[in-house]
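Here's the structure we're looking at; comments come further down.
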Amino acid sequence: MSFVKRDIISRSIKMINRPLIQRLIGVFFFIICIFYSFILQAEDQFINRTVLALYDSSEPGNIRSDYNMIHKNLEMPLNHLGIIVRYHDISTGLPLDQNMEDIFGIVTWFNDGAVTNAIDYCQWAKRQIRNGKKYVIIGSFGAFTDKKTGKRVPDSIVNEVFNEIGLFYEGNWTDNPFVIEISKMESSMVEFERTLEGETNIYDQIISSDNKNKIYLALKRTDIPEGNSAAVVVTPKGGFVLESYELFINYENNMRKWRINPFKYMEDALGLKNMPRYDVTTLFGRRLFYSHIDGDGLRSITQIDGKSLCGEIIYDHILAKYDLPVTVGFITADIDPSYLGSEKILAFAKKTLSLENVEIGVHGFSHPLDWDRMITAYSLRGYSEDAGSMDDLDILSESAYGGASLVTVNRRKFINTEIKLAADFINNNVAPPGKKTKVYQWTGNCEPTEDAIVLTNEIGLMNINGGDSRFDKSIPSYTGVAPLTRQVGGNVQMFTSNCNENIYTNLWEGPFYGFRNVIQTFQQTEVPTLVDGVPRRVDPINVYYHFYSGEKKASLKALREVYDYSLTQDIIPVFTSYYLSVVNGFLNGRFHKLADGGWKFSDYGTCQTVRFDETDLFPDLERSSGVIGFVHWNNRLYVHLSEKNNAILYFTEKKPKKPYLVEASAIISNWTANFEYIKFSAYGFGKGIFKLAGLNPGTVVDIDIVKEGKKGSFYKKKHKTDKAGELYLVLPVHGQYQVIIEKAVKD
C-alpha cells in the first residue's frame, strides 16, 4: 500500500466521531451483560414457595396467627402442595414491600367486608399483583368498608384490585336463595366434601373479564338482567371464591366441610401444576411412621392386674415387645423421689430409657396445663398451689386432670423449670450413657408461648404436640387434619400428625377402646373413602398416647391393635426427632428451575423426598445427581434424594436402565450403585425391607451385611433378580448396618 493511501485512511479514521464510537461500544457491552445475566438467570431460577396469609384479628374467627380461617382449614392443603405459609395480621398495618421479596403469592380469607385503612389496603394489593404476586381472595374481599372511619370504599377503587386479577366487581349482593341459580358447575371442584344442592344462599356479582379465566362455579341472579356471576374462578394472576362456596360450617357443632377442592383449587390459583413438592409423609418410597408417649399416668395402678404401674404395663406389652422406635417423655416430678416419684419409679424410668428402641423426650416438670396463664397440673410446695378444677378455669388439655394449680414463681423461673431444668434432670439422673434428651413434648393445652419455644431452641431440643389431626367417620373432612406447624412470633411449634387416646376416649371417660379409631385417620389420610376417593397421602402414621393407656384392658388392647395395624403397612419407622428434622427440612428446603428443564434441590436436610403429582415420567438417572431412586404411587412420583443436601433431577419418558432404589424400610445413606455392585448404609427397626430395580434380569447376586462395630458378615446369602430386573429383600437385621450387593462369581 502506498504512503498516500495510508495517509488518506488515517485521516478518515480521525474524522470518525469518537464519542459515537464510545457510545456504540458501551451499548454493545450493555447488551452482552444483559444477555449474560439473562442466561445466568435462566439457568438458575430460584423458585419461591412461601405464601403470605392475611387475616384480620379484629374479626371473631381470625383472632391470631394460629386461630384463623387459613390456619384452621387451608394451611394443611398448602403444606401438601409444598407451600410454606407465613401469617400477617393486617389490623397491625400492611406488610412492607421490602419484606415481600420471598413471597410468591398472597391468600386472604376475611369474614366481613371491612378492614382498617381499606383504601391503603387496595392500593397495596394492586401493587403486589403488579409486582408479580399471585393473589387469591377467599370469602369476603374485606376492603369494601374502612373499619376505622366506617366509610364505604368506592367501587372504582375496589375494582382496581379485581381488575388486576382479571375480574370486575359489580355488586348486587343478596342472600335470597329463591333468586339464585347455578348456571355452571364443575362438581369435582366445588362439591368436594359437600353438595351445593339447596345451599346456594349467597350471591355477589363478579364478572370474569379475561378469556383465560377458568370458572368452576357460575351463579345467576334471576331477578336482575345479566345476572351471571363467577363465584369460584381461577385467573392467570390468582383467584376468587365467593363466601359460603369455599366451606360449609355447621355453627351448632362447628363441624366444617370443604366445598371447593382445596388441593386442586390452590394448585390452579397459585400456578403450582408440575412443580415439585417437598414431602414429609414419605421417605425412600414408604410412609413415615413415628410414635411418642407422654408421661401422664405413669404412676397410676393398672386395673389389668391391680398392682403394676401403668408404665410397667406399657413397658412389658409395647416397648419391650414391638421392634418399633418410640420417644418417651417423662414428667420429671412424677419420677423424681424429691417430689412425687420414688426410687422404684426412678429405676423404672432408667430401664425404659435404656431400651434401644426408645428415644428420650421430656414432658415437663409439673405438666403445665396453660402456658400463658402459668397453670399447671400439680400442686408442689414452693412452686404451685391449688387453683380449682380444670372446668372452672376453662382449660383444655392433651390429658385429663381433675384439678389445676397456679404457679407461684415468676415467669422466667417457670419456663426454665419446666423446660431446661426438666431436661437437665433427665440427662443427669435418668438417661443412660450416650443418650440425651432430644424432644420436648408440650403439655396441657399444647399452646406454648413464644418464650417457651425460644428456650427449647436455645438448649437444642426439638418440640412437638398440638394439632390433633383426625379424619374419620366423626370428622369426615380434611378440615380435621392439622398443618405441620403453629407459628408463634418468629418461632415454630411442631404439630403431631394424629390425635392421642385422650380425645378418642372423651377425655378418658370412655369408651376405653376408642383409640383403635385412629386407624381410620391413618386410612383416610392416605386413601380416603369418606370424600373424593382420590389417593392422597397427607400425613405420616403417628402413634401418640400416654402411659395411662396401660390402665385398662380395653385401652391396652386398642393400643396393640393400632401398632399391629401399622406393621401391616408399608412403613419406614423413625424416631420422633427424625420426623421433626424432616419437617425442618421441609421448611428450609430450596429448589431452582434450570433452563434445560432440570430441577436443583438444596438445603433439604432429612426431607429427602420430592413429589411430583399427575405424572408418569421417570427420573433420568444418567443425567441426574444426588438421586438414588424413585417410586410411582397412584399417579404420583416420589423421588428419593441423597443425604448430601444437594441434588439435580432430570426427567425422561423411559424407565431407567440403571440400578436404583424403589423402597426401603430403613434410612439409607452412602448409596453407590452400578451393574457390578450396590453398596449402602442403613439404619432401621424391624426387618430390613428393600426393593431395588434397574438390575439385569435373572442375575444371581451375593448379599453381604456387616453390622456396625462388628467384624465379619452378619448375613450372607445369594439372591436372584426377577424377569423385570427387580430385587426384593427382607433381611433379618435392624439397627445400623451396611449392605453390599455384588454380582455372584460362578464357581
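Chain labels follow the order of the C-alpha cells: the first chain is A, the next B, and so on; residue numbering restarts at 1 in every chain, and ligands are counted from 1 in their shown order.
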
Can you tell me, as an mmCIF file with N, CA and C atoms, in the first residue's frame, what residues are no more than 12 Å from Glu676 of chain A when counting only C-alpha atoms, ignoring any on the same chain fewer than 5 positions away?
data_model
loop_
_atom_site.group_PDB
_atom_site.id
_atom_site.type_symbol
_atom_site.label_atom_id
_atom_site.label_comp_id
_atom_site.auth_asym_id
_atom_site.auth_seq_id
_atom_site.Cartn_x
_atom_site.Cartn_y
_atom_site.Cartn_z
ATOM 1 N N LYS A 658 -30.640 -48.492 34.882
ATOM 2 C CA LYS A 658 -29.527 -48.339 35.816
ATOM 3 C C LYS A 658 -30.052 -48.688 37.200
ATOM 4 N N PRO A 659 -29.297 -49.355 38.049
ATOM 5 C CA PRO A 659 -29.806 -49.746 39.368
ATOM 6 C C PRO A 659 -30.255 -48.545 40.197
ATOM 7 N N LEU A 695 -31.830 -53.558 37.562
ATOM 8 C CA LEU A 695 -30.753 -54.544 37.515
ATOM 9 C C LEU A 695 -30.918 -55.448 36.291
ATOM 10 N N ASN A 696 -29.914 -56.203 35.981
ATOM 11 C CA ASN A 696 -30.018 -57.166 34.889
ATOM 12 C C ASN A 696 -30.962 -58.301 35.299
ATOM 13 N N THR A 699 -30.287 -62.296 37.283
ATOM 14 C CA THR A 699 -28.893 -62.290 37.718
ATOM 15 C C THR A 699 -28.785 -62.751 39.171
ATOM 16 N N VAL A 700 -27.848 -63.645 39.447
ATOM 17 C CA VAL A 700 -27.602 -64.091 40.813
ATOM 18 C C VAL A 700 -26.642 -63.104 41.481
ATOM 19 N N VAL A 701 -27.009 -62.652 42.683
ATOM 20 C CA VAL A 701 -26.182 -61.687 43.401
ATOM 21 C C VAL A 701 -25.896 -62.201 44.808
ATOM 22 N N ASP A 702 -24.767 -61.776 45.344
ATOM 23 C CA ASP A 702 -24.406 -62.075 46.731
ATOM 24 C C ASP A 702 -24.816 -60.900 47.610
ATOM 25 N N ILE A 740 -24.062 -54.832 51.101
ATOM 26 C CA ILE A 740 -23.258 -54.918 49.884
ATOM 27 C C ILE A 740 -23.890 -55.969 48.984
ATOM 28 N N ILE A 741 -24.242 -55.557 47.774
ATOM 29 C CA ILE A 741 -24.858 -56.458 46.797
ATOM 30 C C ILE A 741 -23.915 -56.545 45.609
ATOM 31 N N GLU A 742 -23.388 -57.738 45.350
ATOM 32 C CA GLU A 742 -22.440 -57.919 44.259
ATOM 33 C C GLU A 742 -22.893 -59.049 43.347
ATOM 34 N N LYS A 743 -22.550 -58.893 42.078
ATOM 35 C CA LYS A 743 -22.836 -59.959 41.130
ATOM 36 C C LYS A 743 -22.054 -61.205 41.543
ATOM 37 N N ALA A 744 -22.781 -62.307 41.661
ATOM 38 C CA ALA A 744 -22.149 -63.539 42.136
ATOM 39 C C ALA A 744 -21.104 -64.047 41.146
ATOM 40 N N VAL A 745 -20.004 -64.554 41.680
ATOM 41 C CA VAL A 745 -18.954 -65.146 40.863
ATOM 42 C C VAL A 745 -19.253 -66.633 40.688
#

Exercise for the section: Write out as a PyMOL selection string the residues lying within 9 Å of segment 45-56 of chain A, counting only C-alpha atoms and excluding same-chain residues fewer than 6 positions away. Expected result: chain A and resi 62-65+68-71+78+82-92+100-111+115+590-595

Once you count only C-alpha atoms, what closest atom pair and distance in Å to one decimal does each residue of segment 596-698 of chain A within 10 Å of segment 570-586 of chain A have, with rows by chain and rising residue number, as JSON lines?
{"residue": "A:Ser602", "atom": "CA", "partner": "A:Gly585", "partner_atom": "CA", "distance": 9.7}
{"residue": "A:Asp603", "atom": "CA", "partner": "A:Gly585", "partner_atom": "CA", "distance": 7.1}
{"residue": "A:Tyr604", "atom": "CA", "partner": "A:Gly585", "partner_atom": "CA", "distance": 4.4}
{"residue": "A:Gly605", "atom": "CA", "partner": "A:Gly585", "partner_atom": "CA", "distance": 4.8}
{"residue": "A:Thr606", "atom": "CA", "partner": "A:Val582", "partner_atom": "CA", "distance": 4.9}
{"residue": "A:Cys607", "atom": "CA", "partner": "A:Val582", "partner_atom": "CA", "distance": 4.4}
{"residue": "A:Gln608", "atom": "CA", "partner": "A:Val582", "partner_atom": "CA", "distance": 7.8}
{"residue": "A:Thr609", "atom": "CA", "partner": "A:Val582", "partner_atom": "CA", "distance": 9.4}
{"residue": "A:Val610", "atom": "CA", "partner": "A:Phe586", "partner_atom": "CA", "distance": 9.9}
{"residue": "A:Asn645", "atom": "CA", "partner": "A:Gly585", "partner_atom": "CA", "distance": 9.7}
{"residue": "A:Glu663", "atom": "CA", "partner": "A:Asp570", "partner_atom": "CA", "distance": 9.3}
{"residue": "A:Ala664", "atom": "CA", "partner": "A:Ile572", "partner_atom": "CA", "distance": 7.1}
{"residue": "A:Ser665", "atom": "CA", "partner": "A:Ile572", "partner_atom": "CA", "distance": 4.4}
{"residue": "A:Ala666", "atom": "CA", "partner": "A:Ile572", "partner_atom": "CA", "distance": 6.0}
{"residue": "A:Ile667", "atom": "CA", "partner": "A:Ile572", "partner_atom": "CA", "distance": 7.8}
{"residue": "A:Tyr683", "atom": "CA", "partner": "A:Val574", "partner_atom": "CA", "distance": 9.2}
{"residue": "A:Gly684", "atom": "CA", "partner": "A:Pro573", "partner_atom": "CA", "distance": 7.0}
{"residue": "A:Phe685", "atom": "CA", "partner": "A:Pro573", "partner_atom": "CA", "distance": 6.5}
{"residue": "A:Gly686", "atom": "CA", "partner": "A:Pro573", "partner_atom": "CA", "distance": 8.4}
{"residue": "A:Gly688", "atom": "CA", "partner": "A:Ile572", "partner_atom": "CA", "distance": 9.7}
{"residue": "A:Ile689", "atom": "CA", "partner": "A:Ile572", "partner_atom": "CA", "distance": 9.2}

Practice task
Determine, counting only C-alpha atoms, which protein, DNA and RNA residues have an atom within 10 Å of an atom of Ala320 of chain A; residues of the same chain fewer than 4 positions away are not included. Present the result as a PyMOL selection string.
Solution key: chain A and resi 314-316+324+352+355-358

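Per DSSP on the backbone, strand (DSSP E or B) in segment 501-619 of chain A comprises Ile541, Asn542, Val543, Tyr544, Tyr545, His546, Ile571, Ile572, Pro573, Arg590, Phe591, His592, Lys593, Trp599, Lys600, Phe601, Ser602, Thr609, Val610, Arg611, Phe612, Asp613, Phe618 and Pro619 of chain A.
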
Include N, CA and C atoms and write out the residues we just selected as a PDB file, in the first residue's frame.
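The file below, result03.pdb, is the result:
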ATOM      1  N   ILE A 541     -47.922 -41.823  59.628  1.00  0.00           N
ATOM      2  CA  ILE A 541     -48.580 -42.551  60.712  1.00  0.00           C
ATOM      3  C   ILE A 541     -47.882 -42.153  62.011  1.00  0.00           C
ATOM      4  N   ASN A 542     -48.659 -41.660  62.959  1.00  0.00           N
ATOM      5  CA  ASN A 542     -48.127 -41.224  64.247  1.00  0.00           C
ATOM      6  C   ASN A 542     -48.940 -41.892  65.353  1.00  0.00           C
ATOM      7  N   VAL A 543     -48.323 -42.799  66.089  1.00  0.00           N
ATOM      8  CA  VAL A 543     -48.988 -43.457  67.220  1.00  0.00           C
ATOM      9  C   VAL A 543     -48.591 -42.686  68.478  1.00  0.00           C
ATOM     10  N   TYR A 544     -49.516 -41.888  68.969  1.00  0.00           N
ATOM     11  CA  TYR A 544     -49.260 -40.933  70.053  1.00  0.00           C
ATOM     12  C   TYR A 544     -50.234 -41.225  71.199  1.00  0.00           C
ATOM     13  N   TYR A 545     -49.692 -41.479  72.399  1.00  0.00           N
ATOM     14  CA  TYR A 545     -50.561 -41.863  73.516  1.00  0.00           C
ATOM     15  C   TYR A 545     -49.857 -41.555  74.830  1.00  0.00           C
ATOM     16  N   HIS A 546     -50.483 -41.963  75.953  1.00  0.00           N
ATOM     17  CA  HIS A 546     -49.954 -41.727  77.297  1.00  0.00           C
ATOM     18  C   HIS A 546     -49.769 -43.064  78.021  1.00  0.00           C
ATOM     19  N   ILE A 571     -44.344 -49.136  55.876  1.00  0.00           N
ATOM     20  CA  ILE A 571     -43.851 -48.001  56.651  1.00  0.00           C
ATOM     21  C   ILE A 571     -42.333 -48.007  56.737  1.00  0.00           C
ATOM     22  N   ILE A 572     -41.788 -46.848  57.058  1.00  0.00           N
ATOM     23  CA  ILE A 572     -40.389 -46.720  57.433  1.00  0.00           C
ATOM     24  C   ILE A 572     -40.385 -46.092  58.825  1.00  0.00           C
ATOM     25  N   PRO A 573     -40.144 -46.891  59.873  1.00  0.00           N
ATOM     26  CA  PRO A 573     -40.224 -46.386  61.249  1.00  0.00           C
ATOM     27  C   PRO A 573     -39.010 -45.515  61.590  1.00  0.00           C
ATOM     28  N   ARG A 590     -34.846 -25.665  49.487  1.00  0.00           N
ATOM     29  CA  ARG A 590     -34.910 -24.736  48.370  1.00  0.00           C
ATOM     30  C   ARG A 590     -34.877 -25.523  47.066  1.00  0.00           C
ATOM     31  N   PHE A 591     -35.390 -24.918  45.996  1.00  0.00           N
ATOM     32  CA  PHE A 591     -35.185 -25.518  44.686  1.00  0.00           C
ATOM     33  C   PHE A 591     -35.150 -24.451  43.599  1.00  0.00           C
ATOM     34  N   HIS A 592     -34.450 -24.816  42.521  1.00  0.00           N
ATOM     35  CA  HIS A 592     -34.276 -23.940  41.371  1.00  0.00           C
ATOM     36  C   HIS A 592     -34.748 -24.666  40.116  1.00  0.00           C
ATOM     37  N   LYS A 593     -35.272 -23.907  39.190  1.00  0.00           N
ATOM     38  CA  LYS A 593     -35.628 -24.428  37.875  1.00  0.00           C
ATOM     39  C   LYS A 593     -34.490 -24.104  36.919  1.00  0.00           C
ATOM     40  N   TRP A 599     -34.238 -29.747  37.599  1.00  0.00           N
ATOM     41  CA  TRP A 599     -34.536 -29.138  38.897  1.00  0.00           C
ATOM     42  C   TRP A 599     -33.328 -29.323  39.813  1.00  0.00           C
ATOM     43  N   LYS A 600     -33.023 -28.282  40.565  1.00  0.00           N
ATOM     44  CA  LYS A 600     -31.941 -28.352  41.538  1.00  0.00           C
ATOM     45  C   LYS A 600     -32.517 -28.205  42.937  1.00  0.00           C
ATOM     46  N   PHE A 601     -32.173 -29.137  43.834  1.00  0.00           N
ATOM     47  CA  PHE A 601     -32.694 -29.129  45.202  1.00  0.00           C
ATOM     48  C   PHE A 601     -31.531 -28.961  46.182  1.00  0.00           C
ATOM     49  N   SER A 602     -31.759 -28.172  47.236  1.00  0.00           N
ATOM     50  CA  SER A 602     -30.698 -27.943  48.216  1.00  0.00           C
ATOM     51  C   SER A 602     -31.291 -27.605  49.575  1.00  0.00           C
ATOM     52  N   THR A 609     -37.491 -36.482  50.253  1.00  0.00           N
ATOM     53  CA  THR A 609     -38.486 -36.892  49.264  1.00  0.00           C
ATOM     54  C   THR A 609     -39.050 -35.669  48.570  1.00  0.00           C
ATOM     55  N   VAL A 610     -39.025 -35.711  47.245  1.00  0.00           N
ATOM     56  CA  VAL A 610     -39.674 -34.692  46.432  1.00  0.00           C
ATOM     57  C   VAL A 610     -40.759 -35.381  45.625  1.00  0.00           C
ATOM     58  N   ARG A 611     -41.952 -34.816  45.661  1.00  0.00           N
ATOM     59  CA  ARG A 611     -43.105 -35.438  44.999  1.00  0.00           C
ATOM     60  C   ARG A 611     -43.553 -34.611  43.799  1.00  0.00           C
ATOM     61  N   PHE A 612     -43.891 -35.317  42.726  1.00  0.00           N
ATOM     62  CA  PHE A 612     -44.492 -34.694  41.554  1.00  0.00           C
ATOM     63  C   PHE A 612     -45.850 -35.350  41.334  1.00  0.00           C
ATOM     64  N   ASP A 613     -46.891 -34.561  41.230  1.00  0.00           N
ATOM     65  CA  ASP A 613     -48.241 -35.095  41.073  1.00  0.00           C
ATOM     66  C   ASP A 613     -48.625 -35.195  39.599  1.00  0.00           C
ATOM     67  N   PHE A 618     -40.175 -40.511  34.423  1.00  0.00           N
ATOM     68  CA  PHE A 618     -39.183 -41.172  35.262  1.00  0.00           C
ATOM     69  C   PHE A 618     -37.987 -40.241  35.459  1.00  0.00           C
ATOM     70  N   PRO A 619     -37.312 -40.343  36.590  1.00  0.00           N
ATOM     71  CA  PRO A 619     -36.038 -39.633  36.716  1.00  0.00           C
ATOM     72  C   PRO A 619     -35.018 -40.185  35.712  1.00  0.00           C
TER      73      PRO A 619
END

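If only C-alpha atoms are the atoms counted, then among A:Trp633, A:Tyr478, A:Phe168, A:Tyr565 the closest residue to Val518 of chain A is A:Tyr565.
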
Problem - From A:Lys72, A:Ala231, A:Met275, A:Phe284, residue lying nearest Asp468 of chain A [only C-alpha atoms] - result: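 Closest candidate: A:Lys72.
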
Exercise for the section: DSSP on the backbone, then: every residue of segment 444-600 of chain A marked alpha helix (DSSP H), written as a PyMOL selection string. Expected result: chain A and resi 450-458+501-504+518-524+553-567+576-588

Problem - Between atom CA of Asn79 of chain A and atom CA of Leu484 of chain A - distance in Å to one decimal - result: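 Atom CA of Leu484 of chain A sits 7.2 Å away from atom CA of Asn79 of chain A.
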
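Atom CA of Gly285 of chain A sits 19.5 Å away from atom CA of Gln736 of chain A.
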
Practice task
Please provide as a list in words all residues within 12 Å of Ser474 of chain A, with the sequence filter that same-chain residues fewer than 4 positions apart are discarded (counting only C-alpha atoms).
Solution key: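 Contacts, with the query itself left out: Asn253, Met255, Arg256, Arg470, Tyr478, Gly480, Ile503, Tyr504, Gly514, Asn517, Val518, Gln520, Thr521 and Leu530 of chain A.
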
Generate the output file for the selected residues, C-alpha atoms, as a short mmCIF file (atom, residue, chain, number, x, y, z; two decimals), in the first residue's frame.
data_model
loop_
_atom_site.label_atom_id
_atom_site.label_comp_id
_atom_site.auth_asym_id
_atom_site.auth_seq_id
_atom_site.Cartn_x
_atom_site.Cartn_y
_atom_site.Cartn_z
CA ASN A 253 -71.30 -28.16 66.42
CA MET A 255 -68.21 -29.11 62.00
CA ARG A 256 -66.69 -27.98 58.72
CA ARG A 470 -58.44 -36.50 62.95
CA TYR A 478 -59.75 -32.75 55.50
CA GLY A 480 -59.79 -32.13 60.66
CA ILE A 503 -59.52 -37.44 72.53
CA TYR A 504 -60.76 -40.81 71.30
CA GLY A 514 -61.65 -45.64 71.40
CA ASN A 517 -60.38 -45.49 65.72
CA VAL A 518 -57.13 -43.67 64.94
CA GLN A 520 -59.47 -44.66 60.34
CA THR A 521 -57.37 -41.49 60.27
CA LEU A 530 -65.26 -40.62 53.06
#

Problem - Selection: 9 Å around Pro77 of chain A, only C-alpha atoms, excl. self and same-chain fewer than 4 positions, as number ranges by chain - result: A: 73, 81-83, 262-263, 266, 478, 483, 538

Report the closest atom pair, with its distance in Å rounded to one decimal, for each residue of segment 169-229 of chain A that has an atom no farther than 12 Å from segment 134-150 of chain A; count only C-alpha atoms, sort by chain and then rising residue number, and write it as CSV.
residue,atom,partner,partner_atom,distance
A:Tyr169,CA,A:Phe141,CA,10.1
A:Gly171,CA,A:Phe144,CA,10.4
A:Trp173,CA,A:Ser140,CA,11.7
A:Ile202,CA,A:Gly139,CA,11.0
A:Tyr203,CA,A:Ser140,CA,11.6
A:Asp204,CA,A:Ser140,CA,10.1
A:Ile206,CA,A:Phe141,CA,11.4
